[in-house]
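Chemist: Structure file my_file-v2.cif, mmCIF, C-alpha atoms, is pasted below:
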data_start
#
loop_
_atom_site.label_atom_id
_atom_site.label_comp_id
_atom_site.auth_asym_id
_atom_site.auth_seq_id
_atom_site.Cartn_x
_atom_site.Cartn_y
_atom_site.Cartn_z
CA MET U 439 -12.02 -38.43 -39.13
CA THR U 440 -9.12 -37.12 -37.04
CA ARG U 441 -8.02 -39.61 -34.39
CA PRO U 442 -7.45 -38.22 -30.87
CA LEU U 443 -3.87 -38.07 -29.66
CA PRO U 444 -2.85 -40.82 -27.25
CA PHE U 445 -2.73 -39.59 -23.66
CA ARG U 446 1.08 -39.48 -23.48
CA SER U 447 1.30 -37.71 -26.83
CA ALA U 448 -1.24 -35.16 -25.68
CA LEU U 449 0.82 -34.48 -22.57
CA LEU U 450 3.93 -34.06 -24.70
CA ALA U 451 2.13 -31.62 -27.00
CA LEU U 452 1.01 -29.63 -23.96
CA ALA U 453 4.54 -29.59 -22.58
CA LEU U 454 5.83 -28.11 -25.85
CA LEU U 455 3.47 -25.14 -25.61
CA PRO U 456 4.90 -21.90 -24.23
CA ALA U 457 4.20 -21.47 -20.50
CA TRP U 458 1.60 -18.75 -21.05
CA ALA U 459 -0.53 -21.06 -23.20
CA GLN U 460 -0.77 -23.84 -20.63
CA GLY U 461 -2.81 -22.11 -17.94
CA PRO U 462 -5.79 -19.80 -17.57
CA THR U 463 -3.64 -16.70 -17.06
CA ARG U 464 -1.26 -15.23 -19.65
CA LEU U 465 1.03 -12.23 -19.52
CA ILE U 466 0.51 -9.59 -22.20
CA GLN U 467 3.08 -6.96 -23.14
CA SER U 468 3.45 -3.59 -24.78
CA ILE U 469 6.87 -2.57 -26.06
CA PRO U 470 8.07 0.79 -27.38
CA ARG U 471 8.54 0.63 -31.13
CA GLU U 472 12.13 0.57 -32.36
CA THR U 473 13.35 -1.25 -29.25
CA PRO U 474 14.28 -4.97 -28.98
CA LEU U 475 12.53 -5.44 -25.63
CA ALA U 476 9.71 -7.79 -26.65
CA HIS U 477 9.49 -11.17 -24.93
CA PRO U 478 9.18 -13.80 -27.69
CA ASP U 479 6.55 -15.87 -25.86
CA LEU U 480 4.18 -13.08 -24.83
CA ALA U 481 1.22 -11.77 -26.81
CA PHE U 482 0.94 -8.04 -27.40
CA ALA U 483 -1.79 -6.23 -25.51
CA ARG U 484 -3.43 -4.84 -28.65
CA ASP U 485 -3.89 -8.32 -30.11
CA ALA U 486 -5.13 -9.76 -26.82
CA TRP U 487 -7.64 -6.92 -26.34
CA ILE U 488 -9.05 -7.45 -29.82
CA GLU U 489 -9.40 -11.20 -29.26
CA VAL U 490 -11.21 -10.76 -25.94
CA ILE U 491 -13.61 -8.15 -27.34
CA ARG U 492 -14.22 -10.23 -30.48
CA GLY U 493 -15.06 -13.26 -28.35
CA ALA U 494 -17.67 -11.46 -26.23
CA ARG U 495 -21.23 -12.72 -26.74
CA THR U 496 -23.41 -10.92 -24.20
CA ARG U 497 -21.53 -8.19 -22.32
CA LEU U 498 -18.32 -6.21 -21.98
CA ASP U 499 -17.44 -4.23 -18.86
CA PHE U 500 -14.64 -1.63 -18.94
CA ALA U 501 -13.10 0.54 -16.23
CA GLU U 502 -10.41 2.84 -17.65
CA PHE U 503 -8.47 5.85 -16.42
CA TYR U 504 -9.03 7.66 -19.74
CA ILE U 505 -9.16 7.16 -23.50
CA ALA U 506 -6.73 8.61 -26.06
CA GLN U 507 -6.41 7.87 -29.77
CA GLU U 508 -4.91 9.63 -32.76
CA PRO U 509 -5.41 8.95 -36.49
CA GLY U 510 -3.56 5.78 -37.39
CA GLY U 511 -2.85 4.96 -33.75
CA ALA U 512 -2.82 1.43 -32.37
CA LEU U 513 -6.13 1.88 -30.52
CA GLU U 514 -8.09 2.23 -33.77
CA ASP U 515 -8.51 -1.51 -34.36
CA VAL U 516 -9.58 -1.96 -30.74
CA LEU U 517 -12.25 0.73 -31.07
CA ARG U 518 -13.52 -0.77 -34.31
CA GLU U 519 -13.82 -4.16 -32.62
CA LEU U 520 -15.74 -2.52 -29.79
CA GLU U 521 -18.10 -0.94 -32.32
CA ARG U 522 -18.63 -4.33 -33.96
CA ALA U 523 -19.45 -5.85 -30.58
CA GLY U 524 -22.11 -3.22 -29.98
CA GLU U 525 -23.55 -3.80 -33.45
CA ARG U 526 -23.95 -7.53 -32.81
CA GLY U 527 -25.88 -6.85 -29.61
CA VAL U 528 -23.22 -7.08 -26.91
CA LYS U 529 -24.16 -4.88 -23.94
CA ILE U 530 -21.21 -2.61 -23.10
CA ARG U 531 -20.74 -0.78 -19.81
CA PHE U 532 -17.83 1.67 -19.84
CA ILE U 533 -16.45 3.72 -16.92
CA LEU U 534 -13.98 6.57 -17.35
CA SER U 535 -12.34 8.71 -14.70
CA ALA U 536 -14.08 12.06 -14.29
CA GLY U 537 -12.51 15.51 -14.40
CA ARG U 538 -9.58 16.58 -16.53
CA MET U 539 -8.92 13.07 -17.87
CA LEU U 540 -12.13 13.34 -19.91
CA GLU U 541 -10.52 16.30 -21.65
CA GLN U 542 -7.55 14.25 -22.93
CA ASP U 543 -9.44 13.26 -26.07
CA PRO U 544 -13.05 14.57 -26.23
CA ALA U 545 -13.51 13.19 -29.76
CA SER U 546 -12.82 9.63 -28.61
CA VAL U 547 -15.10 10.04 -25.60
CA ALA U 548 -17.84 11.15 -28.02
CA ARG U 549 -17.06 8.17 -30.22
CA LEU U 550 -17.57 5.83 -27.28
CA ARG U 551 -20.93 7.44 -26.54
CA ARG U 552 -22.05 6.76 -30.11
CA ILE U 553 -21.35 3.02 -29.94
CA ARG U 554 -24.55 1.02 -30.10
CA ASN U 555 -25.52 -0.71 -26.82
CA LEU U 556 -22.81 1.18 -24.90
CA GLU U 557 -23.58 3.04 -21.66
CA LEU U 558 -20.86 5.37 -20.39
CA ARG U 559 -20.48 6.53 -16.79
CA THR U 560 -17.83 8.69 -15.17
CA PHE U 561 -16.15 7.88 -11.88
CA ASP U 562 -15.63 10.83 -9.54
CA LEU U 563 -14.22 10.38 -6.02
CA LYS U 564 -14.46 14.08 -5.21
CA GLY U 565 -16.04 14.46 -1.80
CA VAL U 566 -15.09 10.90 -0.89
CA SER U 567 -11.31 10.92 -1.20
CA THR U 568 -8.47 12.71 -2.98
CA GLY U 569 -8.15 9.80 -5.40
CA ILE U 570 -9.14 8.90 -8.95
CA LEU U 571 -10.13 5.90 -11.05
CA HIS U 572 -6.60 4.86 -12.00
CA ALA U 573 -7.38 1.18 -12.73
CA LYS U 574 -7.24 -0.25 -16.23
CA TYR U 575 -9.28 -3.44 -16.64
CA PHE U 576 -12.14 -5.01 -18.55
CA LEU U 577 -14.21 -8.21 -18.62
CA ALA U 578 -16.01 -10.23 -21.28
CA ASP U 579 -19.16 -12.21 -20.44
CA GLY U 580 -18.04 -12.54 -16.83
CA ARG U 581 -15.67 -15.31 -17.93
CA GLU U 582 -12.51 -13.52 -19.08
CA GLY U 583 -10.67 -10.53 -17.69
CA VAL U 584 -7.83 -8.21 -18.65
CA LEU U 585 -5.89 -5.95 -16.30
CA GLY U 586 -2.50 -4.30 -16.25
CA SER U 587 -0.59 -1.10 -16.63
CA GLN U 588 -1.84 -0.35 -20.17
CA ASN U 589 -4.18 2.64 -20.30
CA PHE U 590 -6.84 2.78 -23.03
CA ASP U 591 -4.39 4.84 -25.04
CA TRP U 592 -2.72 4.32 -28.41
CA ARG U 593 0.64 5.18 -26.85
CA ALA U 594 0.28 2.39 -24.27
CA LEU U 595 0.03 -0.12 -27.11
CA GLU U 596 3.05 0.94 -29.17
CA HIS U 597 5.27 3.49 -27.42
CA ILE U 598 5.42 2.48 -23.73
CA HIS U 599 6.79 -0.52 -21.84
CA GLU U 600 3.78 -2.18 -20.17
CA LEU U 601 2.80 -5.50 -18.61
CA GLY U 602 -0.64 -6.97 -17.94
CA ILE U 603 -2.57 -10.21 -17.83
CA ARG U 604 -5.36 -11.90 -19.72
CA THR U 605 -7.15 -14.51 -17.62
CA THR U 606 -10.05 -16.95 -17.42
CA ASP U 607 -9.12 -18.01 -13.89
CA PRO U 608 -12.41 -17.87 -11.90
CA GLY U 609 -10.54 -16.80 -8.78
CA LEU U 610 -9.47 -13.63 -10.57
CA VAL U 611 -12.39 -13.05 -12.96
CA ASP U 612 -15.17 -13.47 -10.38
CA ARG U 613 -13.51 -11.07 -7.95
CA LEU U 614 -12.76 -8.58 -10.75
CA GLN U 615 -16.42 -8.70 -11.78
CA GLU U 616 -17.41 -7.93 -8.18
CA VAL U 617 -15.04 -4.95 -8.20
CA PHE U 618 -16.58 -3.74 -11.44
CA GLU U 619 -20.12 -3.94 -10.04
CA VAL U 620 -18.99 -1.78 -7.11
CA ASP U 621 -17.38 0.70 -9.52
CA TRP U 622 -20.38 0.77 -11.85
CA ARG U 623 -22.79 1.46 -9.01
CA PHE U 624 -20.53 4.12 -7.53
CA ALA U 625 -20.20 5.81 -10.92
CA GLY U 626 -24.00 5.88 -11.11
CA ASP U 627 -25.03 7.22 -7.71
CA LYS U 628 -21.86 7.35 -5.53
CA THR U 629 -23.05 4.45 -3.43
CA LEU U 630 -20.21 2.96 -1.41
CA PRO U 631 -20.14 -0.71 -0.45
CA SER U 632 -21.61 -1.52 2.94
CA ALA U 633 -19.03 -2.11 5.65
CA PRO U 634 -17.07 -4.98 4.12
CA ARG U 635 -16.32 -8.23 5.88
CA PRO U 636 -12.58 -8.77 6.30
CA ALA U 637 -11.47 -10.59 3.16
CA THR U 638 -9.90 -13.98 3.84
CA VAL U 639 -6.45 -14.68 2.47
CA ALA U 640 -6.63 -16.76 -0.70
CA GLN U 641 -4.43 -19.84 -0.52
CA GLY U 642 -4.69 -20.71 -4.21
CA PRO U 643 -2.37 -19.86 -7.08
CA ALA U 644 -4.16 -16.61 -8.01
CA GLU U 645 -5.67 -13.77 -5.97
CA LEU U 646 -7.16 -10.41 -6.89
CA VAL U 647 -6.52 -7.47 -4.57
CA ALA U 648 -7.68 -3.87 -4.93
CA SER U 649 -7.49 -0.32 -3.66
CA PRO U 650 -8.76 1.71 -1.90
CA PRO U 651 -10.03 -0.29 1.10
CA PHE U 652 -13.30 1.67 1.32
CA LEU U 653 -14.28 0.49 -2.18
CA SER U 654 -13.68 -3.18 -1.44
CA PRO U 655 -16.64 -5.49 -2.14
CA GLY U 656 -15.60 -7.46 0.97
CA THR U 657 -14.31 -10.49 -0.92
CA VAL U 658 -11.12 -8.73 -2.03
CA ARG U 659 -8.17 -7.92 0.21
CA PRO U 660 -6.78 -4.38 0.27
CA ALA U 661 -3.82 -4.31 -2.08
CA LEU U 662 -1.49 -2.52 0.33
CA ASP U 663 -1.98 -5.14 3.06
CA ALA U 664 -1.28 -7.92 0.56
CA LEU U 665 1.80 -6.23 -0.90
CA VAL U 666 3.36 -5.49 2.50
CA GLN U 667 2.80 -9.12 3.44
CA LEU U 668 4.44 -10.39 0.24
CA LEU U 669 7.46 -8.11 0.69
CA GLY U 670 7.74 -9.28 4.30
CA GLU U 671 7.69 -12.93 3.26
CA ALA U 672 10.38 -12.62 0.57
CA ARG U 673 13.48 -14.62 1.39
CA SER U 674 15.92 -14.21 -1.50
CA SER U 675 14.92 -11.62 -4.10
CA ILE U 676 12.48 -8.82 -4.88
CA ARG U 677 12.53 -7.36 -8.41
CA ILE U 678 10.28 -4.33 -8.96
CA GLN U 679 9.49 -2.33 -12.09
CA LEU U 680 7.49 0.92 -11.82
CA LEU U 681 6.82 4.25 -13.48
CA THR U 682 7.34 6.15 -10.23
CA TYR U 683 8.24 5.47 -6.61
CA SER U 684 7.79 7.99 -3.81
CA PRO U 685 7.27 7.56 -0.06
CA VAL U 686 6.50 11.28 0.24
CA ALA U 687 2.84 12.31 0.23
CA ARG U 688 1.27 15.67 1.01
CA GLY U 689 4.33 16.77 2.94
CA HIS U 690 4.78 13.64 5.08
CA TYR U 691 6.74 10.42 4.91
CA TRP U 692 4.69 7.32 4.05
CA PRO U 693 6.68 4.32 5.31
CA ALA U 694 4.46 1.39 4.29
CA LEU U 695 6.37 0.18 1.22
CA ASP U 696 9.64 2.04 1.76
CA GLY U 697 9.99 0.47 5.19
CA ALA U 698 9.17 -2.99 3.82
CA LEU U 699 11.93 -2.72 1.20
CA ARG U 700 14.47 -1.50 3.73
CA ALA U 701 13.54 -4.31 6.12
CA ALA U 702 13.88 -6.88 3.34
CA ALA U 703 17.37 -5.63 2.49
CA VAL U 704 18.42 -5.76 6.14
CA ARG U 705 17.43 -9.44 6.39
CA GLY U 706 19.53 -10.23 3.31
CA VAL U 707 16.98 -10.09 0.48
CA LYS U 708 18.38 -8.75 -2.81
CA VAL U 709 16.15 -5.86 -3.92
CA ASP U 710 16.30 -4.65 -7.53
CA LEU U 711 14.21 -1.53 -8.15
CA LEU U 712 13.76 -0.24 -11.72
CA VAL U 713 11.86 2.99 -12.34
CA SER U 714 11.41 5.36 -15.27
CA ASP U 715 13.36 8.56 -15.74
CA TRP U 716 10.18 10.47 -14.94
CA VAL U 717 11.45 10.29 -11.34
CA TYR U 718 14.09 12.88 -12.20
CA LYS U 719 11.39 15.52 -11.67
CA SER U 720 9.73 13.61 -8.81
CA ARG U 721 9.62 14.42 -5.13
CA GLY U 722 10.69 10.81 -4.58
CA LEU U 723 14.14 11.14 -6.19
CA ASP U 724 15.96 11.89 -2.93
CA HIS U 725 14.35 8.88 -1.29
CA LEU U 726 15.40 6.68 -4.19
CA LYS U 727 18.95 7.93 -3.71
CA SER U 728 18.79 7.03 -0.03
CA LEU U 729 17.55 3.54 -0.93
CA ALA U 730 20.45 3.12 -3.32
CA LEU U 731 22.88 3.61 -0.43
CA ILE U 732 21.55 0.56 1.43
CA PRO U 733 23.41 -2.74 1.00
CA ASN U 734 21.38 -5.30 -1.00
CA ILE U 735 19.36 -2.59 -2.80
CA ASP U 736 20.15 -1.75 -6.43
CA VAL U 737 18.21 1.16 -7.96
CA ARG U 738 18.31 1.73 -11.71
CA ILE U 739 16.63 4.21 -14.04
CA ALA U 740 15.21 3.40 -17.48
CA SER U 741 15.32 5.98 -20.28
CA ILE U 742 13.62 4.95 -23.52
CA PRO U 743 14.88 7.00 -26.50
CA GLU U 744 12.53 9.14 -28.53
CA ALA U 745 10.87 7.60 -31.56
CA SER U 746 12.48 8.31 -34.92
CA THR U 747 9.34 10.27 -35.84
CA GLY U 748 9.98 12.78 -33.04
CA HIS U 749 8.77 13.56 -29.53
CA ILE U 750 5.52 11.91 -28.39
CA PRO U 751 4.06 13.50 -25.25
CA PHE U 752 3.66 11.22 -22.23
CA ALA U 753 5.24 8.25 -24.01
CA ARG U 754 8.56 6.48 -24.62
CA THR U 755 8.78 5.39 -21.00
CA VAL U 756 8.54 2.45 -18.61
CA HIS U 757 5.01 2.31 -17.20
CA SER U 758 4.77 -1.33 -16.03
CA LYS U 759 3.87 -2.01 -12.40
CA TYR U 760 4.93 -5.49 -11.32
CA VAL U 761 7.03 -7.37 -8.79
CA VAL U 762 8.74 -10.78 -8.96
CA LEU U 763 9.30 -12.28 -5.52
CA ASP U 764 11.80 -15.11 -4.92
CA GLY U 765 11.39 -16.05 -8.59
CA ALA U 766 8.14 -17.81 -7.69
CA THR U 767 5.40 -15.19 -7.22
CA LEU U 768 4.38 -12.43 -9.62
CA TRP U 769 2.41 -9.30 -8.70
CA VAL U 770 0.95 -7.42 -11.69
CA GLY U 771 -1.25 -4.37 -11.43
CA THR U 772 -2.10 -0.74 -12.01
CA SER U 773 -0.65 1.15 -9.01
CA ASN U 774 2.36 3.38 -8.89
CA TRP U 775 4.05 3.11 -5.51
CA GLU U 776 2.73 6.23 -3.84
CA GLU U 777 0.26 6.58 -0.98
CA ASP U 778 -2.73 7.92 -2.92
CA TYR U 779 -2.71 4.97 -5.34
CA PHE U 780 -3.22 2.52 -2.46
CA GLU U 781 -5.21 4.54 0.05
CA ALA U 782 -7.42 6.84 -2.06
CA SER U 783 -7.61 5.66 -5.71
CA ARG U 784 -9.20 2.71 -7.48
CA ASN U 785 -6.55 0.24 -8.61
CA VAL U 786 -6.53 -3.52 -9.10
CA GLU U 787 -3.70 -6.06 -8.85
CA ALA U 788 -3.25 -9.79 -9.40
CA ILE U 789 -1.07 -11.99 -7.20
CA LEU U 790 0.07 -15.03 -9.19
CA ARG U 791 1.71 -17.70 -7.05
CA GLN U 792 2.73 -19.52 -10.21
CA PRO U 793 6.44 -20.10 -10.87
CA ALA U 794 6.03 -20.34 -14.66
CA LEU U 795 4.47 -16.88 -14.85
CA ALA U 796 6.91 -15.51 -12.28
CA ARG U 797 9.75 -16.83 -14.43
CA GLN U 798 8.36 -15.01 -17.45
CA GLY U 799 7.95 -11.84 -15.42
CA GLY U 800 11.57 -12.22 -14.34
CA GLU U 801 12.64 -12.59 -17.96
CA VAL U 802 10.77 -9.41 -18.91
CA PHE U 803 12.50 -7.64 -16.03
CA GLU U 804 15.97 -8.96 -16.82
CA LYS U 805 15.72 -8.01 -20.49
CA LEU U 806 15.14 -4.37 -19.58
CA TRP U 807 17.39 -4.37 -16.49
CA THR U 808 20.42 -5.38 -18.54
CA SER U 809 19.56 -3.28 -21.61
CA PRO U 810 21.45 -0.17 -22.73
CA TYR U 811 18.37 1.90 -21.77
CA VAL U 812 19.02 1.37 -18.04
CA LYS U 813 21.60 3.07 -15.84
CA LYS U 814 22.43 2.72 -12.17
CA LEU U 815 21.16 5.58 -10.00
CA GLU U 816 24.08 7.51 -8.54
CA PRO U 817 23.17 8.96 -5.12
CA MET U 818 25.56 11.92 -5.38
CA LYS U 819 24.66 12.93 -8.94
CA ALA U 820 22.30 15.77 -9.91
CA TYR U 821 19.82 14.74 -12.60
CA ALA U 822 18.06 17.03 -15.08
CA PRO U 823 14.35 16.32 -15.68
CA ARG U 824 13.48 14.90 -19.10
CA LYS U 825 10.80 16.35 -21.34
CA VAL U 826 7.56 14.47 -20.65
CA ASP U 827 4.66 16.51 -22.07
#
Can you present the structure in this file as structure tokens?
Modeler:
Amino acid sequence: MTRPLPFRSALLALALLPAWAQGPTRLIQSIPRETPLAHPDLAFARDAWIEVIRGARTRLDFAEFYIAQEPGGALEDVLRELERAGERGVKIRFILSAGRMLEQDPASVARLRRIRNLELRTFDLKGVSTGILHAKYFLADGREGVLGSQNFDWRALEHIHELGIRTTDPGLVDRLQEVFEVDWRFAGDKTLPSAPRPATVAQGPAELVASPPFLSPGTVRPALDALVQLLGEARSSIRIQLLTYSPVARGHYWPALDGALRAAAVRGVKVDLLVSDWVYKSRGLDHLKSLALIPNIDVRIASIPEASTGHIPFARTVHSKYVVLDGATLWVGTSNWEEDYFEASRNVEAILRQPALARQGGEVFEKLWTSPYVKKLEPMKAYAPRKVD
């Protein structure tokens, strides 16, 4: 019979584990193939997704922007695991964004519909707001949750830089389950939550926030309010990685986040902003250039080279959406920094007031920030748009 480790030895063994393995929340990554950007201590999203689905016993709940797979793509093993879950009796509820996103891959949508014990609903905000279901999250048995920038897309698992979390923290999972129940009901009959009670500010190490405010279950703070507060509280550093950044919306200036970054720089906070080269064709490029002129703000652009196999549409980019604040707090989520993502569209974010995870997030950021794929934005330079589609 194996003897239990003495208490001190057990503590030592725990201390030797990587930081992600010591707590209920772990960061999960996706890295473009043929790049050296992987963090050695982080699991890959594909592997984490398969483990969570494989471990489900009674139910799986998914809310995804869209689905896309190609023969031999990295999503195949995930879909097979989902099919196995249905075969063993797991009840699966699956929400996809309505409209043109359903047309991305009709064959995979049909494949989902054929999975045993799976019910599929579509999420359509038309008539309610100008937004979409942009969130990417799922839950297993109400005890484990996954959220992050990875879409349910083969490219997100092997050709895009992404960051997400896998968690069993009840403070995150319970709130995420409440968000899903709101989304599931809305996808069924467009029922909105009753007027929510103002959500209290969580004082613990983890908090779930969500957008838009009118879809809040009442126990979850609006993401924009929480993010503006965090930016306002930063004292030394703010490090941000995004696909796109634009304070311009429907012909007007949206100051909520842009103003918070400028105010942080004025009070002496060092702001590092890293975005993808998709912004070269964005309406936000001029505003990024104006940010780059402000002391204490450094704006850089990431350009991931094409795969050796040739051009892959809507891939080979930086799609992560996270912030490291003062090296102690990590924000990970699904929103690009534009007005519609916070005010009109469904998105979810996790605030992790956990220095170990914030340190890892900072390491992910620094690895890309200092890589040969990243260049400083030059305010006076004209940039040609890259091929995206």
Chemist: As a list of chain:residue names, please: the residues near Val770 in chain U (cut-off 6 Å, all atoms listed in the file, same-chain neighbours under 6 positions excluded).
Modeler: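 Near Val770 in chain U, the qualifying residues are U:Tyr760, U:Glu787, U:Ala788.
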Chemist: List as a PyMOL selection string the protein and nucleic acid residues near range 717-733 of chain U, meaning an atom at most 10 Å away when all atoms listed in the file are counted, but skip any in the same chain fewer than 6 places from it.
Modeler: chain U and resi 681-687+689+691+696+699-700+703-704+706-711+739-740+776+814-826
Chemist: I'd like the interatomic distance between CA of Glu781 in chain U and CA of Ser675 in chain U, to a tenth of an Å.
Modeler: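 These atoms are spaced 26.1 Å apart.
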Chemist: Under the rule that all atoms listed in the file are counted, which of U:Leu498, U:Leu520, U:Ile789, U:Ile750 is the nearest residue to Leu646 in chain U?
Modeler: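 Under the stated criterion, the closest residue is U:Ile789.
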Chemist: Could you tell me, as an MDAnalysis selection string, exactly which residues end up selected when the PyMOL selection byres ((chain U and resi 590) around 12) is applied to this structure?
Modeler: chainID U and resid 483:484 487 500:507 511:514 516:517 532:535 539 542:543 546:547 550 572:576 584:589 591:596
Chemist: Mind telling me what the PyMOL selection byres ((chain U and resi 570) around 8) catches here, as a PyMOL selection string?
Modeler: chain U and resi 535-536+561-563+568-569+571-572+782-784
Chemist: Please, could you write that set of residues out with C-alpha atoms as a PDB file, in the frame of the given file?
Modeler:
ATOM      1  CA  SER U 535     -12.340   8.710 -14.700  1.00  0.00           C
ATOM      2  CA  ALA U 536     -14.080  12.060 -14.290  1.00  0.00           C
ATOM      3  CA  PHE U 561     -16.150   7.880 -11.880  1.00  0.00           C
ATOM      4  CA  ASP U 562     -15.630  10.830  -9.540  1.00  0.00           C
ATOM      5  CA  LEU U 563     -14.220  10.380  -6.020  1.00  0.00           C
ATOM      6  CA  THR U 568      -8.470  12.710  -2.980  1.00  0.00           C
ATOM      7  CA  GLY U 569      -8.150   9.800  -5.400  1.00  0.00           C
ATOM      8  CA  LEU U 571     -10.130   5.900 -11.050  1.00  0.00           C
ATOM      9  CA  HIS U 572      -6.600   4.860 -12.000  1.00  0.00           C
ATOM     10  CA  ALA U 782      -7.420   6.840  -2.060  1.00  0.00           C
ATOM     11  CA  SER U 783      -7.610   5.660  -5.710  1.00  0.00           C
ATOM     12  CA  ARG U 784      -9.200   2.710  -7.480  1.00  0.00           C
TER      13      ARG U 784
END
